[in-house]
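**Q** My structure is below; once you've seen it, I'll send some questions.
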Amino acid sequence: MPDPDFKLQAQVERLHARYCHALDEDRLEEWPGFFTENGRYRIATAENEARGLTLPVLYAESRAMLRDRVASLRHANIYEPQRYRHMLSAVLLEEQTPASVKSIANFLVVRIMENGETTLFASGRYVDRISIPEMRYEERVVICDSRRFDTLLAIPL
Amino acid sequence: MPDPDFKLQAQVERLHARYCHALDEDRLEEWPGFFTENGRYRIATAENEARGLTLPVLYAESRAMLRDRVASLRHANIYEPQRYRHMLSAVLLEEQTPASVKSIANFLVVRIMENGETTLFASGRYVDRISIPEMRYEERVVICDSRRFDTLLAIPL
Amino acid sequence: MPDPDFKLQAQVERLHARYCHALDEDRLEEWPGFFTENGRYRIATAENEARGLTLPVLYAESRAMLRDRVASLRHANIYEPQRYRHMLSAVLLEEQTPASVKSIANFLVVRIMENGETTLFASGRYVDRISIPEMRYEERVVICDSRRFDTLLAIPL
């Protein structure tokens with residue numbers, strides 16, 4: 001195991017932290033800006049990933065597509081008011097190149113409904129490819145542990 | 001986004017970690033020492049914060065008030081034996097000055113009753129102003145996601 | 001409070017992160033390799049630890065014993081398919097010597113059954129003694145908050 005790059009580790013953790021807070025504070029319009037222009041975003045289940053199935057729950061392959069998604073979420077606005085709280089842990093850097101680095105991290109998201117009810121909403125792994133020194137997601141794959149899904153999935157993970 | 005100050009980030013995370021462990025190990029008497037002499041501590045709900053309401057669930061504006069709170073908790077001691085476990089994530093530094101820094105962090109607290117039952121107790125954000133180089137809380141605002149509250153709130157968050 | 005050793009802190013957090021991901025991705029065969037040759041591993045309850053009882057839920061005192069445990073888990077394989085997700089927080093270094101360092105960290109583990117059901121499985125503290133510069137566990141004590149235990153405890157914590 002080579003010594004980790006402490007500076008890069010801190011920069012990656014800062015990117016992840018900014019992402020979490022933007023979503024949890026409902027600043028959805030900032031969400032596409034965390035990705036590169038052709039950044040890919042995909043939500044999958046661990047079961048499908050293990051089987052090599054490529055049917056994602058959600059898929060986008062550019063910042064423009066992410067902006068569309070935000071717009072439709074804002075426009076529809078049919079979902080029940082709710083909050084998310086993202087918890088992130090065990091950020092592990094791998095496969096560093098001069099232009100990018102891979103990051104794996106565990107996550108847990110709790111959902112708080114308007115009546116105050118709090119539930120475990122999702123758990124899983126973020127598997128990311130991050131551009132250097134830009135520090136944006138070239139690819140963010142959200143691999144959820146459970147196959148049970150809120151089909152609305154109103155707010156991004 | 002300027003490059004984060006790695007040393008300060010590590011110092012802030014260490015302060016938060018010491019705070020969590022002191023509470024989780026029931027070393028309540030150490031709690032006031034994490035604050036400056038005139039340190040403010042406030043528990044609020046996200047709903048009230050968003051509406052600009054200043055009615056906190058709990059409020060203290062000095063180390064002396066925090067000591068009083070600990071004393072009354074120890075004296076009353078009427079609550080059912082329980083444990084807390086604090087999880088902290090996504091520590092993000094902002095607004096650094098020579099004398100202080102702002103820190104935002106997500107938290108999740110689980111409560112373990114004496115019979116072993118474990119529940120999600122609270123989730124939310126810590127919004128802190130931390131003195132430098134003293135590394136104590138000048139202000140710690142605990143913004144809970146849920147409006148549902150255990151009115152006793154026997155142990156500090 | 002002396003200034004923390006930032007490099008060592010990052011190395012310890014990397015070790016913990018690699019451990020979490022190995023277990024969560026079911027790479028159990030890598031588990032013994034996180035320990036020194038005579039590394040000790042013990043799961044206890046907070047209640048028993050507080051009373052000074054030394055009856056652990058699970059105990060091993062060498063890499064060989066950990067390998068046996070993995071082999072029997074793989075051989076038996078009677079447990080229902082399930083996933084774990086480890087969340088780690090508040091990693092605090094103490095008692096550094098030239099050859100080792102103590103680490104305390106909070107953890108939360110959620111379990112995801114095959115039908116998708118997600119539950120809080122365990123919470124507690126890791127209390128570790130880690131060899132330097134080898135970065136392996138000389139001792140890992142898993143102190144669970146709850147006395148309620150899944151007696152199978154199929155996957156290591």
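Ordered as shown in the structure tokens, chains take letters A, B, and onward, while each chain numbers its residues from 1 and ligands are numbered from 1 in the order shown.
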When the cut-off is 6 Å and we count only C-alpha atoms, which residues of chain A are near chain C, given as number ranges by chain?

**A** A: 89-90, 146-148

**Q** Any chance you could fit chain C onto chain B with least squares, all Cα atoms in order, and share the moved copy as a JSON list (two decimals) with C-alpha atoms, in the first residue's frame?

**A**
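This went into result.json:
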[["chain", "number", "residue", "atom", "x", "y", "z"],
["C", 1, "MET", "CA", -13.03, 27.21, -4.14],
["C", 2, "PRO", "CA", -9.73, 27.98, -2.43],
["C", 3, "ASP", "CA", -7.60, 25.12, -1.28],
["C", 4, "PRO", "CA", -8.66, 24.07, 2.18],
["C", 5, "ASP", "CA", -6.30, 24.53, 5.10],
["C", 6, "PHE", "CA", -5.44, 20.88, 5.77],
["C", 7, "LYS", "CA", -3.99, 21.44, 9.20],
["C", 8, "LEU", "CA", -6.98, 23.46, 10.38],
["C", 9, "GLN", "CA", -9.38, 20.89, 8.88],
["C", 10, "ALA", "CA", -7.66, 18.14, 10.90],
["C", 11, "GLN", "CA", -7.75, 20.24, 14.07],
["C", 12, "VAL", "CA", -11.48, 20.94, 13.66],
["C", 13, "GLU", "CA", -12.24, 17.28, 13.00],
["C", 14, "ARG", "CA", -10.26, 16.36, 16.11],
["C", 15, "LEU", "CA", -12.28, 18.83, 18.20],
["C", 16, "HIS", "CA", -15.55, 17.38, 16.87],
["C", 17, "ALA", "CA", -14.32, 13.82, 17.52],
["C", 18, "ARG", "CA", -13.34, 14.59, 21.12],
["C", 19, "TYR", "CA", -16.77, 16.18, 21.67],
["C", 20, "CYS", "CA", -18.58, 13.09, 20.32],
["C", 21, "HIS", "CA", -16.61, 10.67, 22.45],
["C", 22, "ALA", "CA", -17.02, 12.76, 25.63],
["C", 23, "LEU", "CA", -20.82, 12.68, 25.24],
["C", 24, "ASP", "CA", -21.04, 9.06, 24.13],
["C", 25, "GLU", "CA", -18.94, 7.94, 27.11],
["C", 26, "ASP", "CA", -21.09, 9.95, 29.51],
["C", 27, "ARG", "CA", -18.26, 12.31, 30.47],
["C", 28, "LEU", "CA", -20.76, 15.18, 30.67],
["C", 29, "GLU", "CA", -18.60, 17.18, 33.07],
["C", 30, "GLU", "CA", -16.12, 17.72, 30.22],
["C", 31, "TRP", "CA", -18.82, 19.13, 27.95],
["C", 32, "PRO", "CA", -18.64, 22.83, 29.03],
["C", 33, "GLY", "CA", -14.88, 22.77, 28.49],
["C", 34, "PHE", "CA", -15.38, 22.41, 24.74],
["C", 35, "PHE", "CA", -16.82, 25.94, 24.69],
["C", 36, "THR", "CA", -15.21, 29.33, 25.19],
["C", 37, "GLU", "CA", -16.07, 31.15, 28.43],
["C", 38, "ASN", "CA", -18.93, 32.97, 26.71],
["C", 39, "GLY", "CA", -19.66, 30.20, 24.27],
["C", 40, "ARG", "CA", -23.22, 29.87, 23.02],
["C", 41, "TYR", "CA", -25.04, 26.55, 22.55],
["C", 42, "ARG", "CA", -28.41, 26.26, 20.92],
["C", 43, "ILE", "CA", -30.61, 23.42, 19.69],
["C", 44, "ALA", "CA", -33.08, 24.41, 16.99],
["C", 45, "THR", "CA", -35.25, 22.73, 14.38],
["C", 46, "ALA", "CA", -34.61, 23.15, 10.67],
["C", 47, "GLU", "CA", -38.20, 24.32, 10.27],
["C", 48, "ASN", "CA", -37.80, 27.16, 12.78],
["C", 49, "GLU", "CA", -34.41, 28.15, 11.42],
["C", 50, "ALA", "CA", -35.84, 28.40, 7.89],
["C", 51, "ARG", "CA", -38.65, 30.65, 9.18],
["C", 52, "GLY", "CA", -36.25, 32.84, 11.12],
["C", 53, "LEU", "CA", -37.88, 31.88, 14.40],
["C", 54, "THR", "CA", -35.53, 32.20, 17.28],
["C", 55, "LEU", "CA", -37.28, 29.86, 19.66],
["C", 56, "PRO", "CA", -34.61, 27.32, 20.45],
["C", 57, "VAL", "CA", -35.35, 23.97, 22.02],
["C", 58, "LEU", "CA", -32.43, 24.56, 24.34],
["C", 59, "TYR", "CA", -30.21, 27.58, 24.89],
["C", 60, "ALA", "CA", -27.11, 28.48, 26.85],
["C", 61, "GLU", "CA", -24.77, 31.44, 26.47],
["C", 62, "SER", "CA", -21.86, 30.67, 28.73],
["C", 63, "ARG", "CA", -19.80, 27.85, 30.09],
["C", 64, "ALA", "CA", -21.43, 28.49, 33.47],
["C", 65, "MET", "CA", -24.90, 27.83, 32.03],
["C", 66, "LEU", "CA", -23.65, 24.61, 30.47],
["C", 67, "ARG", "CA", -22.23, 23.55, 33.85],
["C", 68, "ASP", "CA", -25.64, 24.23, 35.44],
["C", 69, "ARG", "CA", -27.27, 22.10, 32.80],
["C", 70, "VAL", "CA", -24.90, 19.20, 33.51],
["C", 71, "ALA", "CA", -25.46, 19.57, 37.25],
["C", 72, "SER", "CA", -29.23, 19.42, 36.88],
["C", 73, "LEU", "CA", -28.97, 16.41, 34.57],
["C", 74, "ARG", "CA", -26.81, 14.64, 37.12],
["C", 75, "HIS", "CA", -29.02, 15.66, 40.02],
["C", 76, "ALA", "CA", -32.35, 14.82, 38.43],
["C", 77, "ASN", "CA", -31.17, 11.60, 36.93],
["C", 78, "ILE", "CA", -34.74, 10.54, 36.37],
["C", 79, "TYR", "CA", -34.33, 9.47, 32.80],
["C", 80, "GLU", "CA", -34.15, 5.89, 31.73],
["C", 81, "PRO", "CA", -30.60, 4.61, 31.31],
["C", 82, "GLN", "CA", -29.58, 5.06, 27.72],
["C", 83, "ARG", "CA", -26.61, 5.51, 25.45],
["C", 84, "TYR", "CA", -26.05, 7.84, 22.58],
["C", 85, "ARG", "CA", -23.79, 7.21, 19.61],
["C", 86, "HIS", "CA", -22.82, 10.29, 17.59],
["C", 87, "MET", "CA", -21.90, 9.92, 13.93],
["C", 88, "LEU", "CA", -20.37, 12.94, 12.21],
["C", 89, "SER", "CA", -19.79, 13.47, 8.51],
["C", 90, "ALA", "CA", -19.01, 15.99, 5.77],
["C", 91, "VAL", "CA", -17.12, 18.53, 7.90],
["C", 92, "LEU", "CA", -16.87, 21.66, 5.76],
["C", 93, "LEU", "CA", -14.85, 24.75, 6.74],
["C", 94, "GLU", "CA", -15.96, 28.23, 5.67],
["C", 95, "GLU", "CA", -15.37, 31.88, 6.50],
["C", 96, "GLN", "CA", -11.95, 31.58, 8.08],
["C", 97, "THR", "CA", -10.60, 34.63, 9.87],
["C", 98, "PRO", "CA", -7.33, 34.88, 11.82],
["C", 99, "ALA", "CA", -9.26, 34.32, 15.07],
["C", 100, "SER", "CA", -11.96, 31.84, 14.13],
["C", 101, "VAL", "CA", -13.44, 29.53, 11.51],
["C", 102, "LYS", "CA", -16.96, 28.38, 10.65],
["C", 103, "SER", "CA", -17.60, 24.65, 10.44],
["C", 104, "ILE", "CA", -20.67, 22.87, 9.06],
["C", 105, "ALA", "CA", -21.10, 19.14, 9.62],
["C", 106, "ASN", "CA", -23.84, 16.55, 9.29],
["C", 107, "PHE", "CA", -24.70, 14.38, 12.26],
["C", 108, "LEU", "CA", -26.73, 11.32, 13.09],
["C", 109, "VAL", "CA", -27.34, 10.19, 16.65],
["C", 110, "VAL", "CA", -28.63, 6.76, 17.55],
["C", 111, "ARG", "CA", -30.03, 6.03, 20.99],
["C", 112, "ILE", "CA", -29.63, 2.67, 22.69],
["C", 113, "MET", "CA", -32.04, 1.95, 25.52],
["C", 114, "GLU", "CA", -31.19, -0.34, 28.41],
["C", 115, "ASN", "CA", -33.13, -3.23, 26.87],
["C", 116, "GLY", "CA", -30.91, -3.01, 23.80],
["C", 117, "GLU", "CA", -33.38, -1.33, 21.50],
["C", 118, "THR", "CA", -31.60, 0.95, 19.03],
["C", 119, "THR", "CA", -33.32, 3.82, 17.21],
["C", 120, "LEU", "CA", -32.45, 6.77, 15.05],
["C", 121, "PHE", "CA", -32.71, 9.54, 17.62],
["C", 122, "ALA", "CA", -31.77, 12.68, 15.72],
["C", 123, "SER", "CA", -30.23, 13.92, 12.48],
["C", 124, "GLY", "CA", -29.19, 17.34, 11.37],
["C", 125, "ARG", "CA", -26.37, 19.85, 11.08],
["C", 126, "TYR", "CA", -23.87, 21.37, 13.46],
["C", 127, "VAL", "CA", -23.15, 24.97, 12.49],
["C", 128, "ASP", "CA", -20.18, 26.13, 14.53],
["C", 129, "ARG", "CA", -17.94, 29.12, 15.05],
["C", 130, "ILE", "CA", -14.62, 27.88, 16.45],
["C", 131, "SER", "CA", -11.92, 30.01, 18.05],
["C", 132, "ILE", "CA", -8.35, 29.79, 16.70],
["C", 133, "PRO", "CA", -5.85, 28.68, 17.93],
["C", 134, "GLU", "CA", -7.80, 27.79, 21.07],
["C", 135, "MET", "CA", -10.03, 25.31, 19.24],
["C", 136, "ARG", "CA", -13.18, 25.76, 21.33],
["C", 137, "TYR", "CA", -16.75, 26.45, 20.26],
["C", 138, "GLU", "CA", -17.63, 30.15, 20.38],
["C", 139, "GLU", "CA", -21.00, 29.04, 19.09],
["C", 140, "ARG", "CA", -22.49, 25.63, 18.37],
["C", 141, "VAL", "CA", -25.92, 25.57, 16.76],
["C", 142, "VAL", "CA", -27.50, 22.12, 16.52],
["C", 143, "ILE", "CA", -30.11, 22.23, 13.77],
["C", 144, "CYS", "CA", -32.28, 19.10, 13.95],
["C", 145, "ASP", "CA", -34.05, 17.89, 10.83],
["C", 146, "SER", "CA", -37.12, 16.67, 12.62],
["C", 147, "ARG", "CA", -39.61, 18.70, 14.57],
["C", 148, "ARG", "CA", -40.41, 15.67, 16.67],
["C", 149, "PHE", "CA", -38.51, 15.95, 19.87],
["C", 150, "ASP", "CA", -37.96, 13.99, 22.92],
["C", 151, "THR", "CA", -38.90, 16.73, 25.34],
["C", 152, "LEU", "CA", -36.59, 15.35, 27.96],
["C", 153, "LEU", "CA", -33.56, 15.40, 25.70],
["C", 154, "ALA", "CA", -31.64, 14.16, 28.66],
["C", 155, "ILE", "CA", -28.20, 14.09, 27.07],
["C", 156, "PRO", "CA", -26.74, 16.98, 25.05],
["C", 157, "LEU", "CA", -26.47, 16.65, 21.29]]

**Q** Where does DSSP see strand (DSSP E or B) in range 10-81 of chain C, if you list the residues as a PyMOL selection string?

**A** chain C and resi 35-45+58-60

**Q** Would you save the residues of that selection, restricted to N, CA, C and O atoms, as a PDB file, in the first residue's frame?

**A**
ATOM      1  N   PHE C  35      -4.626  -7.629  10.386  1.00  0.00           N
ATOM      2  CA  PHE C  35      -4.096  -7.804  11.739  1.00  0.00           C
ATOM      3  C   PHE C  35      -2.631  -8.236  11.686  1.00  0.00           C
ATOM      4  O   PHE C  35      -2.188  -8.836  10.709  1.00  0.00           O
ATOM      5  N   THR C  36      -1.908  -7.938  12.758  1.00  0.00           N
ATOM      6  CA  THR C  36      -0.559  -8.471  12.884  1.00  0.00           C
ATOM      7  C   THR C  36      -0.650  -9.981  13.123  1.00  0.00           C
ATOM      8  O   THR C  36      -1.712 -10.506  13.432  1.00  0.00           O
ATOM      9  N   GLU C  37       0.467 -10.671  13.000  1.00  0.00           N
ATOM     10  CA  GLU C  37       0.486 -12.130  13.129  1.00  0.00           C
ATOM     11  C   GLU C  37      -0.172 -12.593  14.426  1.00  0.00           C
ATOM     12  O   GLU C  37      -0.915 -13.574  14.440  1.00  0.00           O
ATOM     13  N   ASN C  38       0.089 -11.873  15.512  1.00  0.00           N
ATOM     14  CA  ASN C  38      -0.514 -12.224  16.798  1.00  0.00           C
ATOM     15  C   ASN C  38      -1.624 -11.250  17.199  1.00  0.00           C
ATOM     16  O   ASN C  38      -1.902 -11.053  18.386  1.00  0.00           O
ATOM     17  N   GLY C  39      -2.215 -10.654  16.205  1.00  0.00           N
ATOM     18  CA  GLY C  39      -3.254  -9.661  16.455  1.00  0.00           C
ATOM     19  C   GLY C  39      -4.453 -10.250  17.176  1.00  0.00           C
ATOM     20  O   GLY C  39      -4.845 -11.388  16.918  1.00  0.00           O
ATOM     21  N   ARG C  40      -4.998  -9.458  18.097  1.00  0.00           N
ATOM     22  CA  ARG C  40      -6.174  -9.900  18.850  1.00  0.00           C
ATOM     23  C   ARG C  40      -7.410  -9.179  18.323  1.00  0.00           C
ATOM     24  O   ARG C  40      -7.370  -7.989  18.009  1.00  0.00           O
ATOM     25  N   TYR C  41      -8.524  -9.917  18.287  1.00  0.00           N
ATOM     26  CA  TYR C  41      -9.815  -9.363  17.853  1.00  0.00           C
ATOM     27  C   TYR C  41     -10.862  -9.811  18.840  1.00  0.00           C
ATOM     28  O   TYR C  41     -10.915 -10.988  19.201  1.00  0.00           O
ATOM     29  N   ARG C  42     -11.683  -8.872  19.287  1.00  0.00           N
ATOM     30  CA  ARG C  42     -12.626  -9.198  20.339  1.00  0.00           C
ATOM     31  C   ARG C  42     -13.881  -8.368  20.139  1.00  0.00           C
ATOM     32  O   ARG C  42     -13.796  -7.168  19.878  1.00  0.00           O
ATOM     33  N   ILE C  43     -15.047  -8.996  20.223  1.00  0.00           N
ATOM     34  CA  ILE C  43     -16.309  -8.266  20.238  1.00  0.00           C
ATOM     35  C   ILE C  43     -16.871  -8.350  21.651  1.00  0.00           C
ATOM     36  O   ILE C  43     -16.957  -9.435  22.222  1.00  0.00           O
ATOM     37  N   ALA C  44     -17.205  -7.192  22.206  1.00  0.00           N
ATOM     38  CA  ALA C  44     -17.728  -7.139  23.569  1.00  0.00           C
ATOM     39  C   ALA C  44     -18.940  -6.217  23.601  1.00  0.00           C
ATOM     40  O   ALA C  44     -19.210  -5.501  22.644  1.00  0.00           O
ATOM     41  N   THR C  45     -19.672  -6.245  24.704  1.00  0.00           N
ATOM     42  CA  THR C  45     -20.757  -5.282  24.871  1.00  0.00           C
ATOM     43  C   THR C  45     -20.307  -4.190  25.836  1.00  0.00           C
ATOM     44  O   THR C  45     -19.498  -4.444  26.736  1.00  0.00           O
ATOM     45  N   LEU C  58     -17.102 -12.703  20.905  1.00  0.00           N
ATOM     46  CA  LEU C  58     -16.249 -13.385  19.930  1.00  0.00           C
ATOM     47  C   LEU C  58     -14.810 -13.036  20.261  1.00  0.00           C
ATOM     48  O   LEU C  58     -14.524 -11.915  20.666  1.00  0.00           O
ATOM     49  N   TYR C  59     -13.904 -13.995  20.075  1.00  0.00           N
ATOM     50  CA  TYR C  59     -12.519 -13.756  20.450  1.00  0.00           C
ATOM     51  C   TYR C  59     -11.564 -14.494  19.524  1.00  0.00           C
ATOM     52  O   TYR C  59     -11.801 -15.645  19.164  1.00  0.00           O
ATOM     53  N   ALA C  60     -10.500 -13.816  19.151  1.00  0.00           N
ATOM     54  CA  ALA C  60      -9.431 -14.466  18.384  1.00  0.00           C
ATOM     55  C   ALA C  60      -8.129 -13.804  18.781  1.00  0.00           C
ATOM     56  O   ALA C  60      -8.098 -12.611  19.070  1.00  0.00           O
TER      57      ALA C  60
END

**Q** Could you pull out the alpha helix (DSSP H) residues of range 39-139 of chain A from DSSP and send them as a PyMOL selection string?

**A** chain A and resi 46-50+63-76
